[in-house]
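> I am attaching a structure below and will ask some questions about it afterwards.
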Amino acid sequence: MDSLLNWTKKVLKGGKGARDLGLGDLFRTFSQLLSMNNRALELISDASEKLGGNYVFDRQYIEKITSEILDAVEKQVILLDILAPGKYKALFGSFYRLKGEIEAELSGRPARAIKDFILFYQEIDRDMADAVGGKNVALAEIKRQLGMNIPPSCAVTTAAFDAFVKKNNLDELINDTLSRMDKGLISAEEASKKIQSEIEVSPLPVTLQFQLNKAALLLMQEHPSSTLFLAMRSSAPEEDGDNSLAGQFKSLLNVPPFFVEKAYKIVVASLFSKWVLEYRRTLAPIFRRPEMAVVLQKMVDAAASGVLFTMDPSDPCQDHMIIRANWGLGTTVVSGKDKNDRFLVSRSDPGKIVSMDIMQKRFKEIPVAPGGTKRVEVPEELQLKSCLSIEQIGELGSMAMKIERHFKRPQDIEFSVTGQGQIVILQTRPLRLNKVPDARPVGVAELSRKYRVISKGRGVIVQSGIGSGPVYIFRYEHDLDGVPQGAVLVARFPSPILASVLSRCSALLVESGSETCHLAAIAREHRIPAIFGLTGISETLKNGMVVTVDAEEDVIYEGEVRELQFYTISADPIEESKEYRLLRRILKKIEPLNLIDPADPDFRPEACRTLHDIIRFTHEKGVEEIISHLMENRFDASSPLHKLVWKVPLDLVIIDLGGGVEEGADADIDISQITSLGLREMLEALAIPGVWSSEPVPVDVRSFIASITRTFSPEISRPEFIGQNLAVVSRHYTNLALRLGYHFNMIDTYVGDEVSDNYIYFRFFGGVTELPQRRRRATLIGMILSENDFLVEQREDMVIGRLKGMTKDEILQRLHMLGMLVGFTRQLDVFMTGEKSIEEQLENFRRFMEVKNGKRQQSHQHPDSR
Amino acid sequence: MGNGNSPTSILILDDEPIVSKRLKPFLERKGYEIEAFTDSLQALERVKQRPFNIIITDLKMEGLDGMQFLTKVKEELSPETEIIVITGFATLATAKQSFQKGVFDFLAKPFKLAELEEVVKKAEMKIKKGQQQ
């Protein structure tokens with residue numbers, strides 16, 4: 001904090017009051033704000049790129065990058081406050097709240113990010129395993145991502161466990177007992193008894209009692225029944241990890257609501273069973289403090305139930321999965337005491353039954369009226385009948401393979417089939433294999449002898465992993481309905497509309513685009529193996545042909561490479577490691593942008609929900625503030641304010657920070673008086689005949705254009721400058737903010753001799769048409785930027801392009817292109833009525849560049865050359 | 001690699017488990033023989049038992065730090081082993097010092113898998129050349 005104070009003083013040169021900032025201080029502050037803005041955005045995209053699996057990073061990196069981002073954003077907030085003292089006070093509140101939350105994530109335990117005792121599944125995502133345990137997360141994902149049936153459920157969090165432990169001072173007892181056990185003073189059995197009996201007599205905190213009962217009653221209201229109550233299952237964060245505690249904790253079936261508190265304690269106490277403590281003693285060092293979350297779910301009216309292993313644990317190389325099932329509840333299957341039906345189903349053709357063993361099933365377990373379950377005899381005519389129909393077995397098989405593919409691990413799945421024949425997934429967790437199949441992963445050299453290599457080392461890996469399936473080549477928007485489950489989706493452009501079908505694909509191949517575009521972020525979010533930048537791949541591949549995408553090595557093979565399928569599901573997915581989860585959770589508070597339109601009444605400090613929102617807000621307001629400051633001494637001889645008088649009706653005001661406009665120039669200047677390298681280049685491009693008004697604009701739109709070169713923002717303090725097109729320049733620096741036709745375009749650039757200083761930041765969003773058309777225009781712009789070496793990010797109708805580390809000439813070439821792009825895309829969204837238009841307009845722009853650039857040579861005179 | 005066709009052996013040492021977790025399967029698929037450690041003393045014990053062609057190590061670690069570890073390996077246990085240092089920016093200056101100890105190369109974390117592979121291949125070439133002479 002001290003260093004921050006010093007820093008602020010330095011910005012203000014001796015800490016003078018902000019109100020009497022001289023022009024010099026004002027500009028210095030403003031350009032610092034701009035540079036912090038760029039720095040923060042760059043750091044964010046650096047962090048987000050790391051999630052694709054292509055990098056090696058550690059916790060140290062997460063800590064470092066997070067603190068750098070926080071630092072840059074904090075400075076921005078302070079700088080804005082220097083420009084407009086006290087005006088956006090609430091921004092400090094938003095920032096420090098987010099900073100607190102992010103730091104709590106980093107520090108892990110002490111300040112738990114999730115404080116709720118109960119979470120319903122719509123609130124749970126996959127990065128919350130620490131709070132709700134793997135089982136809850138898996139069920140929530142199965143429902144949301146795969147659309148499968150699960151019982152009405154909610155999670156009792158580890159925060160609830162913490163509160164329970166804290167209220168009864170159980171930590172002390174647990175630590176004490178465990179350490180005595182470790183020293184060999186008491187046996188595991190004694191330790192277990194001591195802790196468990198204490199848990200049983202300890203009362204739950206009142207809030208937890210209340211919330212638990214409320215949740216139970218809510219769940220009971222779904223499909224009310226006189227015999228069906230609740231199930232409680234353990235969901236310990238460490239249960240489904242690398243160790244073999246899976247399945248060692250208690251689950252209770254058909255718990256009536258009045259018994260929920262007691263049942264909760266029984267499940268929690270199973271964390272300290274004799275067996276678990278023995279295990280903990282031998283492997284003690286790898287454990288952190290024991291803790292538990294619980295699954296609370298409504299019982300299913302089960303005609304039959306069972307367990308499915310997606311692989312044979314003792315012989316994983318076999319191409320089958322195993323289903324065991326019985327009538328009634330699954331207890332008789334899990335306990336292993338009773339005979340039950342056994343089905344083997346093909347893995348490679350999940351609808352196909354390999355074998356059926358129908359046993360005589362004499363007993364089943366059913367839920368009963370006061371609560372609990374009862375063992376009853378199976379009616380004789382059903383004893384020798386298969387408890388699952390052929391269709392149900394096939395359906396289960398395909399569901400299981402989807403689940404396995406989604407979690408990238410072999411799965412141990414519990415299910416029920418209702419009286420109506422509907423399959424419901426009760427829980428799923430990683431299956432432990434007794435025999436690990438060929439621990440040594442297969443190399444490319446070996447595989448390429450056996451399978452035909454279609455492409456190798458040609459693209460950019462956006463999300464690592466392995467996927468195979470039939471090729472589906474995407475061309476037009478309406479094609480999307482036809483994308484089959486498990487397809488390898490192939491597209492020419494990283495169109496954001498592909499996001500909607502990505503979760504059902506096994507891999508994604510795109511001809512253009514990069515790690516930073518929007519679709520790449522979605523592929524990472526869904527962990528879909530993805531390779532971008534594969535020029536011509538949509539021509540090479542044919543619809544329906546089966547390929548295997550190895551997005552670890554950047555190889556595409558013809559056919560299904562089973563050796564690799566195996567490798568990918570038997571290895572622990574790196575994306576599920578603690579570091580990946582932590583970085584994802586932190587980025588959720590940093591990266592998403594919610595504040596887009598400055599004209600929106602919600603464009604205010606209190607509405608900033610992420611650091612990106614704050615970055616966006618300070619930038620917008622910073623520009624606004626500098627304009628209004630400068631308005632106080634407008635257009636007199638000493639003023640740095642100039643108005644461009646030009647044949648192109650751009651209506652541009654230029655603020656010269658020094659060296660950007662010819663010395664001694666009047667308030668009104670013409671283009672020849674502009675000495676700012678970047679601005680001059682862009683304006684020259686716009687001045688090429690036909691660039692500004694190239695498109696065939698319908699007549700009634702002409703007047704429209706005149707009116708919309710000025711748009712409005714209700715918050716801006718000076719009505720005369722509403723929506724003013726503005727350039728803030730020095731010799732080497734340009735910040736050009738354009739509001740044309742209801743879209744907002746900002747170009748921020750530095751052009752100098754030092755390669756490492758040079759950059760271009762480009763942002764574009766909005767438009768006058770409906771979102772799909774605006775989105776298409778943004779996609780088109782993104783592709784054009786991409787072709788010109790920009791790193792591109794797109795969200796809905798907003799596109800951001802960044803570029804750096806280029807020579808002065810290279811930067812100027814790009815700025816020239818941007819000038820043309822500004823002219824070309826002005827009204828373009830109006831014409832972008834189909835997905836196909838993206839491709840057409842891209843072609844148009846290429847032609848446009850070619851034709852007009854011929855004229856560049858003639859009309860272009862570099863400011864430097866005069 | 002010492003004799004004929006046996007694969008190049010690599011020891012990875014980093015106290016953050018995620019590093020080995022990512023590197024081990026990646027390098028194994030490339031045909032290398034990998035042993036991974038998070039504890040420098042255990043790694044040192046292992047080097048005493050058997051030599052490795054290449055060691056990939058972090059510098060900043062609890063207990064015996066990476067610099068001490070690689071000094072011991074280079075000066076006492078196995079001078080012919082090529083060492084690649086992987087470290088965060090904070091210790092980059094130290095990393096440069098490590099060249100004096102005869103370190104082959106260093107990489108700043110975070111790095112791309114392909115970058116590491118490149119360095120490993122170069123180290124392998126150097127070893128091969130040395131053997132031919």
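By order in the structure tokens, chains are A, B, ...; within a chain, residues start at 1; ligands start at 1, following the order shown.
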Give the residues of chain B that lie within 7 Å of chain A; count only C-alpha atoms, and format the answer as a ChimeraX atom specification.
/B:16,18-19,22,28-31,109-113
> Residues as selected, N, CA and C atoms, written as a CSV table (one decimal), in the first residue's frame, can you do that?

chain,number,residue,atom,x,y,z
B,16,GLU,N,6.5,-28.3,-6.9
B,16,GLU,CA,5.0,-28.1,-7.2
B,16,GLU,C,4.6,-29.3,-8.1
B,18,ILE,N,2.3,-30.2,-9.9
B,18,ILE,CA,1.6,-30.0,-11.2
B,18,ILE,C,2.6,-30.0,-12.3
B,19,VAL,N,3.9,-29.6,-12.0
B,19,VAL,CA,4.9,-29.5,-13.1
B,19,VAL,C,5.2,-30.9,-13.6
B,22,ARG,N,2.3,-32.6,-15.5
B,22,ARG,CA,2.1,-32.2,-16.9
B,22,ARG,C,3.3,-32.7,-17.7
B,28,GLU,N,7.0,-38.8,-21.8
B,28,GLU,CA,6.9,-40.2,-22.0
B,28,GLU,C,6.4,-40.5,-23.4
B,29,ARG,N,5.4,-39.7,-23.8
B,29,ARG,CA,4.9,-40.0,-25.2
B,29,ARG,C,5.9,-39.7,-26.2
B,30,LYS,N,6.9,-38.9,-25.9
B,30,LYS,CA,8.0,-38.7,-26.9
B,30,LYS,C,9.1,-39.8,-26.8
B,31,GLY,N,8.8,-40.8,-25.9
B,31,GLY,CA,9.8,-41.9,-25.9
B,31,GLY,C,10.8,-41.8,-24.8
B,109,LYS,N,9.4,-20.2,-16.2
B,109,LYS,CA,8.0,-20.6,-16.0
B,109,LYS,C,7.1,-19.4,-16.1
B,110,PRO,N,5.9,-19.4,-16.7
B,110,PRO,CA,5.4,-20.6,-17.4
B,110,PRO,C,6.0,-20.7,-18.8
B,111,PHE,N,6.2,-21.9,-19.3
B,111,PHE,CA,6.7,-22.1,-20.7
B,111,PHE,C,5.8,-23.1,-21.4
B,112,LYS,N,6.0,-23.1,-22.7
B,112,LYS,CA,5.2,-24.0,-23.5
B,112,LYS,C,5.8,-25.4,-23.6
B,113,LEU,N,5.1,-26.4,-23.6
B,113,LEU,CA,5.6,-27.8,-23.7
B,113,LEU,C,6.6,-27.9,-24.8
> Near stretch 28-39 of chain A, counting only C-alpha atoms, which residues have an atom at most 10 Å away, once you skip same-chain residues fewer than 3 positions from it, shown as number ranges by chain?
A: 8, 11-12, 21-25, 42-44, 68-69, 71-80, 82-83, 612, 614-616, 618-619, 622-623, 625-626, 657, 728, 733, 735, 748, 759-761, 802
> Rounded to one decimal, what separation in Å do you get between atom CA of A:Asn745 and atom CA of A:Glu770?
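Spanning atom CA of A:Asn745 to atom CA of A:Glu770 is a straight-line distance of 18.0 Å.
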> Find the residue from B:Val73, B:Leu23, B:Ile34, B:Ile127 that sits nearest to B:Val47; use only C-alpha atoms when measuring.
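Of all the options, B:Val73 lies closest to B:Val47.
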> Using only C-alpha atoms, determine which residues lie at most 7 Å from A:Leu519, disregarding the query and same-chain residues fewer than 4 positions distant; provide the list as number ranges by chain.
A: 494-496, 499, 523
> Deliver the residues from the most recent selection as a file, using C-alpha atoms, as an mmCIF file, in the first residue's frame.

data_model
loop_
_atom_site.group_PDB
_atom_site.id
_atom_site.type_symbol
_atom_site.label_atom_id
_atom_site.label_comp_id
_atom_site.auth_asym_id
_atom_site.auth_seq_id
_atom_site.Cartn_x
_atom_site.Cartn_y
_atom_site.Cartn_z
ATOM 1 C CA PRO A 494 -13.998 -19.704 -35.340
ATOM 2 C CA SER A 495 -17.566 -18.469 -35.505
ATOM 3 C CA PRO A 496 -18.977 -17.937 -32.010
ATOM 4 C CA ALA A 499 -20.276 -22.554 -29.130
ATOM 5 C CA ALA A 523 -13.426 -25.002 -26.166
#
> Can you tell me how far atom CA of A:Lys167 sits from atom CA of A:Ala215, in Å to one decimal?
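These atoms are spaced 21.1 Å apart.
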> What does the distance between atom CA of A:Leu509 and atom CA of A:Ser348 come to in Å, to one decimal place?
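These two atoms are separated by 22.6 Å.
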> Show me, as a compact mmCIF listing (two decimals) with N, CA and C atoms, in the first residue's frame, the residues that have an atom within 9 Å of stretch 533-542 of chain A when counting only C-alpha atoms, minus same-chain residues fewer than 6 positions from it.

# COMPACT_ATOMS: atom_id res chain seq x y z
N ILE A 454 -3.23 -37.69 -41.34
CA ILE A 454 -3.85 -36.74 -42.27
C ILE A 454 -3.18 -35.37 -42.15
N SER A 455 -2.83 -34.99 -40.94
CA SER A 455 -2.20 -33.68 -40.72
C SER A 455 -1.29 -33.80 -39.51
N ARG A 458 0.60 -28.81 -37.88
CA ARG A 458 0.28 -27.67 -38.74
C ARG A 458 -0.53 -26.59 -38.05
N GLY A 459 -1.06 -26.87 -36.89
CA GLY A 459 -1.97 -25.91 -36.30
C GLY A 459 -1.49 -25.34 -34.97
N VAL A 460 -2.41 -24.68 -34.29
CA VAL A 460 -2.16 -24.17 -32.95
C VAL A 460 -3.06 -24.95 -32.00
N ILE A 461 -2.46 -25.58 -31.00
CA ILE A 461 -3.29 -26.32 -30.05
C ILE A 461 -3.95 -25.33 -29.10
N VAL A 471 -16.37 -36.96 -38.86
CA VAL A 471 -16.16 -35.56 -39.22
C VAL A 471 -17.50 -34.91 -39.56
N TYR A 472 -17.69 -33.69 -39.08
CA TYR A 472 -18.85 -32.91 -39.47
C TYR A 472 -18.36 -31.54 -39.91
N ILE A 473 -18.50 -31.25 -41.20
CA ILE A 473 -18.00 -29.98 -41.71
C ILE A 473 -19.09 -28.93 -41.66
N PHE A 474 -18.83 -27.87 -40.92
CA PHE A 474 -19.80 -26.80 -40.75
C PHE A 474 -19.62 -25.76 -41.84
N VAL A 490 -15.63 -29.52 -37.83
CA VAL A 490 -14.63 -28.84 -38.65
C VAL A 490 -15.24 -27.55 -39.19
N ALA A 491 -14.53 -26.42 -39.03
CA ALA A 491 -15.08 -25.16 -39.51
C ALA A 491 -13.98 -24.33 -40.13
N ARG A 492 -14.38 -23.45 -41.02
CA ARG A 492 -13.38 -22.58 -41.64
C ARG A 492 -13.02 -21.42 -40.73
N LEU A 509 -11.86 -28.66 -35.04
CA LEU A 509 -10.77 -28.26 -35.93
C LEU A 509 -11.20 -27.02 -36.70
N VAL A 510 -10.38 -25.97 -36.68
CA VAL A 510 -10.76 -24.74 -37.35
C VAL A 510 -9.60 -24.27 -38.23
N GLU A 511 -9.95 -23.73 -39.40
CA GLU A 511 -8.91 -23.32 -40.34
C GLU A 511 -8.17 -22.06 -39.92
N SER A 512 -8.92 -21.12 -39.26
CA SER A 512 -8.25 -19.88 -38.85
C SER A 512 -8.41 -19.70 -37.34
N GLY A 513 -8.09 -18.50 -36.84
CA GLY A 513 -8.29 -18.22 -35.42
C GLY A 513 -7.08 -18.57 -34.58
N SER A 514 -7.14 -18.16 -33.33
CA SER A 514 -6.00 -18.39 -32.45
C SER A 514 -6.45 -18.70 -31.03
> Please provide the set of residues having any atom within 9 Å of B:Val119, restricted to only C-alpha atoms, with same-chain residues fewer than 4 positions apart removed, written as a list in words.
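After dropping sequence-adjacent residues, the list is Ile84, Phe104, Asp105, Phe106, Leu107, Ala114, Glu115, Ala123 and Glu124 of chain B.
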> With C-alpha atoms retained, could you export that selection as a PDB file, in the first residue's frame?

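Listing of part.pdb after writing:
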ATOM      1  CA  ILE B  84      17.939 -27.873 -17.591  1.00  0.00           C
ATOM      2  CA  PHE B 104      22.897 -26.680 -20.104  1.00  0.00           C
ATOM      3  CA  ASP B 105      20.035 -24.182 -20.413  1.00  0.00           C
ATOM      4  CA  PHE B 106      17.184 -22.615 -18.509  1.00  0.00           C
ATOM      5  CA  LEU B 107      13.527 -21.852 -19.147  1.00  0.00           C
ATOM      6  CA  ALA B 114       7.094 -27.444 -27.157  1.00  0.00           C
ATOM      7  CA  GLU B 115       9.769 -25.052 -25.846  1.00  0.00           C
ATOM      8  CA  ALA B 123      20.688 -31.453 -24.731  1.00  0.00           C
ATOM      9  CA  GLU B 124      20.234 -34.904 -26.230  1.00  0.00           C
TER      10      GLU B 124
END
> Do you know which residues are at most 7 Å from stretch 406-421 of chain A counting only C-alpha atoms, after dropping those on the same chain fewer than 6 positions away, and could you put them as JSON, numbers by chain?
{"A": [300, 301, 302, 303, 304, 305, 306, 307, 308, 309, 310, 311, 427, 428, 429, 430, 431, 568, 569, 570, 573]}
> Quick one: residues within 12 Å of A:Ser335, only C-alpha atoms, excluding same-chain residues fewer than 5 positions away - as number ranges by chain?
A: 247, 306-307, 324-326, 329-330, 340, 364-365
> Restrict the selected residues to C-alpha atoms and save them as a CSV table (one decimal), in the first residue's frame.

chain,number,residue,atom,x,y,z
A,247,GLY,CA,-16.9,-45.4,-1.9
A,306,GLY,CA,-27.8,-50.9,-10.7
A,307,VAL,CA,-24.2,-50.0,-11.2
A,324,ARG,CA,-25.1,-55.1,-12.8
A,325,ALA,CA,-28.7,-54.6,-11.9
A,326,ASN,CA,-31.6,-55.8,-9.8
A,329,LEU,CA,-33.2,-50.1,-5.1
A,330,GLY,CA,-29.5,-50.5,-5.9
A,340,ASN,CA,-28.2,-60.0,-9.8
A,364,LYS,CA,-35.0,-56.8,-3.7
A,365,GLU,CA,-34.9,-53.7,-1.6
> Got a sec to tell me which of chain B DSSP assigns to alpha helix (DSSP H), as JSON, numbers by chain?
{"B": [17, 18, 19, 20, 21, 22, 23, 24, 25, 26, 27, 28, 29, 40, 41, 42, 43, 44, 45, 46, 47, 48, 49, 66, 67, 68, 69, 70, 71, 72, 92, 93, 94, 95, 96, 97, 113, 114, 115, 116, 117, 118, 119, 120, 121, 122, 123, 124, 125, 126, 127, 128, 129, 130, 131, 132]}
